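Chemist: First the structure, which I've put down as structure tokens, then a few questions once you've had a look.
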Amino acid sequence: MGEAPAGLTWTLIEQARARIAPHVHLTPVLTSSTLDQESGAHLYFKCENFQKGGAFKARGATNAVLSLPKAEVSRGVATHSSGNHAAALARVARLWGVPAYIVMPQNTAAPKRAAVERYGAQITWCEPTQAARERAAEHVIGATGATLIHPYNDLRVMAGQGTVAVELIGQVPDLEVLLCPVSGGGLLSGIAVAARTLLPRVRIIGVEPEGADDAARSLSAGKIVPCEHPTTIADGLRATIGALPFLEIRRYVDEIVTVSDAAIVDAMRHLWEVMKILVEPSGAAAYAAVACGRVKLHGARVGVVLSGGNVDLDSLPWIRPAPG
């Protein structure tokens with residue numbers, strides 16, 4: 001029998017925290033008495049929309065690149081991504097003066113395309129399917145010799161993302177519930193390992209869109225059940241859950257709930273209006289589960305991860321197009 005794959009450890013997360021600290025923000029935790037009253041709970045919003053590059057992805061990408069031997073990283077780094085991981089990897093590659101080769105689906109949001117271009121990465125476009133992304137990335141790596149930094153199925157990336165929970169629990173030590181969006185699972189798995197280490201009794205809940213619910217179905221089935229054609233406004237939550245994150249999610253996550261796109265849009269707009277902060281649809285998913293009643297909190301102290309804030313301001317979902 002083959003050996004079981006190595007899992008994410010607290011030691012890897014501690015090492016990531018020390019490695020990336022000079023290169024990422026310690027993001028703030030914000031509160032709102034209005035949202036507390038509406039939810040019947042005490043909400044603590046971990047604002048990764050204020051992170052370098054506008055999303056938590058800066059953590060994992062930075063940790064992964066800084067973990068590479070110099071000889072390897074000098075050949076460049078590559079990935080496939082719908083936007084936030086792409087920009088994060090392009091940013092750290094520019095900081096280290098190495099090439100970045102990014103495969104992006106053709107339906108990537110305009111601001112996320114622009115961010116990758118600003119960091120000087122070389123972009124290869126592909127069809128918006130997981131298979132097309134992976135094929136294109138393999139071709140790019142074969143042609144360049146670059147090292148793949150997977151958006152989520154990589155222990156170095158997962159460890160970097162886990163630093164979100166380390167910070168949050170340091171800022172709010174007595175959390176009872178932790179809500180986090182889930183797509184490929186890098187963020188949720190990293191948060192789960194860190195949170196279980198620091199707060200063994202905390203309730204950990206993943207949130208994903210109804211139209212991209214592979215993580216919820218996979219957790220229920222006890223095996224990965226891919227979503228062949230994910231459909232959701234939350235472009236950062238369309239990826240299929242990775243094998244390495246799924247191991248940790250099965251071990252440590254209490255449940256995964258789904259929310260409608262309408263609930264995500266309502267939550268996004270409400271955060272803008274009440275808290276005066278810019279959050280993208282993927283970043284609003286965790287709060288959507290609170291706002292639409294998908295989780296019962298009953299006065300609990302709840303950490304809510306706002307995972308990103310990269311929004312196409314010309315295509316806001318609540319603005320109707322002008323008549324022709």
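Residues in the structure tokens are numbered from 1 in each chain, the chains being A, B, ... in the order shown, and ligands are numbered from 1 in the order shown.
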Can you pull out every residue within 8 Å of Ala136 (chain A), counting only C-alpha atoms, but drop anything in the same chain fewer than 4 positions away, and send it as an NGL selection string?

Modeler: :A and (103 or 124 or 126 or 132 or 140)

Chemist: Go ahead and write the selection's residues with N, CA and C atoms as a CSV table (one decimal), in the first residue's frame.

Modeler:
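Final file, out.csv:
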```csv
chain,number,residue,atom,x,y,z
A,103,VAL,N,-1.6,31.4,-16.3
A,103,VAL,CA,-2.7,31.0,-17.1
A,103,VAL,C,-4.0,31.5,-16.5
A,124,THR,N,-1.2,33.7,-20.3
A,124,THR,CA,-1.7,32.8,-21.3
A,124,THR,C,-3.2,32.6,-21.1
A,126,CYS,N,-7.0,30.9,-21.5
A,126,CYS,CA,-7.5,29.6,-21.8
A,126,CYS,C,-9.1,29.6,-21.6
A,132,ALA,N,-9.0,22.9,-18.9
A,132,ALA,CA,-8.3,23.8,-19.8
A,132,ALA,C,-7.2,24.5,-19.1
A,140,VAL,N,2.8,25.6,-20.4
A,140,VAL,CA,3.7,26.7,-20.1
A,140,VAL,C,4.9,26.3,-19.3
```

Chemist: Out of region 185-294 of chain A, which residues get alpha helix (DSSP H) from DSSP, as a PyMOL selection string?

Modeler: chain A and resi 186-198+214-221+243-252+261-275+281-291

Chemist: So, counting only C-alpha atoms, which residue among A:Cys47, A:Ser67, A:His42, A:Lys112 is closest to Leu155 (chain A)?

Modeler: A:Ser67

Chemist: Which residues are near Ala16 (chain A)? Cut-off 9 Å, only C-alpha atoms, ignore same chain within fewer than 2 positions. Put them as a ChimeraX atom specification.

Modeler: /A:11-14,18-21,59-60,62-64,67,156,159-163

Chemist: Which region 174-223 of chain A residues have any atom within 12 Å of an atom of region 84-100 of chain A, and for each, what is the nearest pair of atoms with distance in Å to one decimal, counting only C-alpha atoms, rows sorted by chain and number, as a Markdown table?

Modeler:
```
| residue | atom | partner | partner_atom | distance |
| --- | --- | --- | --- | --- |
| A:Gly184 | CA | A:His85 | CA | 11.5 |
| A:Gly186 | CA | A:His85 | CA | 11.0 |
| A:Leu187 | CA | A:His85 | CA | 11.5 |
```

Chemist: List the neighbours of Tyr152 (chain A) out to 10 Å using only C-alpha atoms; skip same-chain residues closer than 6 positions along the sequence, and give me the result as a PyMOL selection string.

Modeler: chain A and resi 57+60-61+81+85+158+161+183-190+239-245

Chemist: Using CA of Val166 (chain A) and CA of Ala194 (chain A) as the two end points, give the distance in Å to one decimal.

Modeler: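 Going from CA of Val166 (chain A) over to CA of Ala194 (chain A), I get 6.3 Å.
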
Chemist: Within 10 Å of Asp213 (chain A), counting only C-alpha atoms, which residues show up once you throw out same-chain ones fewer than 3 positions away? Write them as a list in words, please.

Modeler: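 Contacts, in chain order: Val182, Ser183, Val207, Glu208, Pro209, Glu210, Ala216, Arg217, Ser218, Val225, Pro226, Cys227, Pro230, Thr231, Thr232, Leu237, Arg238, Ala239, Thr240, Ile241, Ile256, Val257, Thr258 and Val259 of chain A.
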
Chemist: Contacts of Ala285 (chain A) at 10 Å or less, counting only C-alpha atoms, minus same-chain residues fewer than 6 places along, as a list of chain:residue names?

Modeler: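 Counting only the stated atoms, we get A:Leu179, A:Cys180, A:Pro181, A:Val182, A:Gly206, A:Val207, A:Glu208, A:Pro209, A:Ala234, A:Leu237, A:Thr258, A:Val259, A:Ser260, A:Asp261, A:Ala263, A:Ile264, A:Val265, A:Asp266, A:Ala267, A:Met268, A:Val279, A:Ala291, A:Val304, A:Val305, A:Leu306, A:Ser307.
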
Chemist: Suppose we keep C-alpha atoms; can you now write the selection as a PDB file, in the first residue's frame?

Modeler:
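Dumped to out-v1.pdb:
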```pdb
ATOM      1  CA  LEU A 179     -16.849  31.307   8.935  1.00  0.00           C
ATOM      2  CA  CYS A 180     -14.727  31.105   5.804  1.00  0.00           C
ATOM      3  CA  PRO A 181     -15.428  30.918   2.051  1.00  0.00           C
ATOM      4  CA  VAL A 182     -14.289  27.755   0.281  1.00  0.00           C
ATOM      5  CA  GLY A 206     -17.094  26.727   5.191  1.00  0.00           C
ATOM      6  CA  VAL A 207     -19.366  28.667   2.847  1.00  0.00           C
ATOM      7  CA  GLU A 208     -19.678  28.270  -0.920  1.00  0.00           C
ATOM      8  CA  PRO A 209     -22.136  29.209  -3.674  1.00  0.00           C
ATOM      9  CA  ALA A 234     -18.355  34.629  -7.069  1.00  0.00           C
ATOM     10  CA  LEU A 237     -15.138  30.328  -5.702  1.00  0.00           C
ATOM     11  CA  THR A 258     -24.185  26.907   0.540  1.00  0.00           C
ATOM     12  CA  VAL A 259     -25.672  30.292  -0.310  1.00  0.00           C
ATOM     13  CA  SER A 260     -27.396  31.621  -3.405  1.00  0.00           C
ATOM     14  CA  ASP A 261     -25.873  34.211  -5.689  1.00  0.00           C
ATOM     15  CA  ALA A 263     -27.692  36.176  -1.042  1.00  0.00           C
ATOM     16  CA  ILE A 264     -24.045  36.871  -1.931  1.00  0.00           C
ATOM     17  CA  VAL A 265     -24.971  40.047  -3.819  1.00  0.00           C
ATOM     18  CA  ASP A 266     -27.216  41.225  -0.983  1.00  0.00           C
ATOM     19  CA  ALA A 267     -24.450  40.582   1.551  1.00  0.00           C
ATOM     20  CA  MET A 268     -21.854  42.340  -0.585  1.00  0.00           C
ATOM     21  CA  VAL A 279     -15.715  43.492  -0.725  1.00  0.00           C
ATOM     22  CA  ALA A 291     -27.254  37.410   6.706  1.00  0.00           C
ATOM     23  CA  VAL A 304     -16.056  36.135   9.462  1.00  0.00           C
ATOM     24  CA  VAL A 305     -13.336  36.087   6.802  1.00  0.00           C
ATOM     25  CA  LEU A 306     -13.795  38.730   4.097  1.00  0.00           C
ATOM     26  CA  SER A 307     -11.376  37.102   1.698  1.00  0.00           C
TER      27      SER A 307
END
```

Chemist: For Ala195 (chain A), list every protein, DNA or RNA residue within 8 Å, evaluated using only C-alpha atoms, and leave out those in the same chain fewer than 6 positions away; present the list as a PyMOL selection string.

Modeler: chain A and resi 165-166+169+202

Chemist: Just the selected residues (C-alpha atoms), exported as a compact mmCIF listing (two decimals), in the first residue's frame, please.

Modeler:
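Final output, saved to again.txt:
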```
# COMPACT_ATOMS: atom_id res chain seq x y z
CA ALA A 165 -6.53 32.41 11.49
CA VAL A 166 -3.36 32.92 13.51
CA ILE A 169 -7.34 34.55 16.95
CA VAL A 202 -14.12 26.49 17.82
```

Chemist: Work out how far apart CA of Leu278 (chain A) and CA of Asn107 (chain A) are and give it in Å to one decimal.

Modeler: 21.5 Å

Chemist: Rounded to one decimal place, report the CA of Pro173 (chain A)-CA of Thr31 (chain A) distance in Å.

Modeler: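 Computing the Euclidean distance for CA of Pro173 (chain A) and CA of Thr31 (chain A) yields 14.9 Å.
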
Chemist: From a backbone DSSP assignment, name each residue in region 83-264 of chain A labelled strand (DSSP E or B), as JSON, numbers by chain.

Modeler: {"A": [100, 101, 102, 103, 104, 105, 122, 123, 124, 125, 126, 147, 148, 177, 178, 179, 180, 181, 203, 204, 205, 206, 207, 208, 209, 255, 256, 257, 258, 259]}

Chemist: Next, dump the selected residues to file, keeping only C-alpha atoms, as a PDB file, in the first residue's frame.

Modeler:
```
ATOM      1  CA  ALA A 100       5.863  34.830 -13.634  1.00  0.00           C
ATOM      2  CA  TYR A 101       3.811  32.834 -16.142  1.00  0.00           C
ATOM      3  CA  ILE A 102       0.081  32.984 -15.496  1.00  0.00           C
ATOM      4  CA  VAL A 103      -2.700  30.970 -17.142  1.00  0.00           C
ATOM      5  CA  MET A 104      -6.022  32.797 -16.800  1.00  0.00           C
ATOM      6  CA  PRO A 105      -9.523  31.879 -17.988  1.00  0.00           C
ATOM      7  CA  GLN A 122       3.198  36.885 -18.895  1.00  0.00           C
ATOM      8  CA  ILE A 123      -0.426  35.807 -19.363  1.00  0.00           C
ATOM      9  CA  THR A 124      -1.707  32.828 -21.328  1.00  0.00           C
ATOM     10  CA  TRP A 125      -5.473  32.777 -21.867  1.00  0.00           C
ATOM     11  CA  CYS A 126      -7.549  29.593 -21.791  1.00  0.00           C
ATOM     12  CA  THR A 147       7.892  25.951 -11.029  1.00  0.00           C
ATOM     13  CA  LEU A 148       4.170  25.440 -10.521  1.00  0.00           C
ATOM     14  CA  VAL A 177     -17.405  30.148  15.436  1.00  0.00           C
ATOM     15  CA  LEU A 178     -15.280  30.788  12.374  1.00  0.00           C
ATOM     16  CA  LEU A 179     -16.849  31.307   8.935  1.00  0.00           C
ATOM     17  CA  CYS A 180     -14.727  31.105   5.804  1.00  0.00           C
ATOM     18  CA  PRO A 181     -15.428  30.918   2.051  1.00  0.00           C
ATOM     19  CA  ARG A 203     -16.823  25.612  15.297  1.00  0.00           C
ATOM     20  CA  ILE A 204     -15.442  25.886  11.756  1.00  0.00           C
ATOM     21  CA  ILE A 205     -17.885  26.420   8.883  1.00  0.00           C
ATOM     22  CA  GLY A 206     -17.094  26.727   5.191  1.00  0.00           C
ATOM     23  CA  VAL A 207     -19.366  28.667   2.847  1.00  0.00           C
ATOM     24  CA  GLU A 208     -19.678  28.270  -0.920  1.00  0.00           C
ATOM     25  CA  PRO A 209     -22.136  29.209  -3.674  1.00  0.00           C
ATOM     26  CA  GLU A 255     -19.813  21.733   8.071  1.00  0.00           C
ATOM     27  CA  ILE A 256     -20.015  23.480   4.731  1.00  0.00           C
ATOM     28  CA  VAL A 257     -23.129  25.459   3.871  1.00  0.00           C
ATOM     29  CA  THR A 258     -24.185  26.907   0.540  1.00  0.00           C
ATOM     30  CA  VAL A 259     -25.672  30.292  -0.310  1.00  0.00           C
TER      31      VAL A 259
END
```

Chemist: Check the smallest atom-to-atom distance from each of A:Ile233, A:Ile149, A:Ala288, A:Val295 to Leu316 (chain A) using only C-alpha atoms, then report the winner.

Modeler: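 Smallest distance to Leu316 (chain A) is found for A:Ile233.
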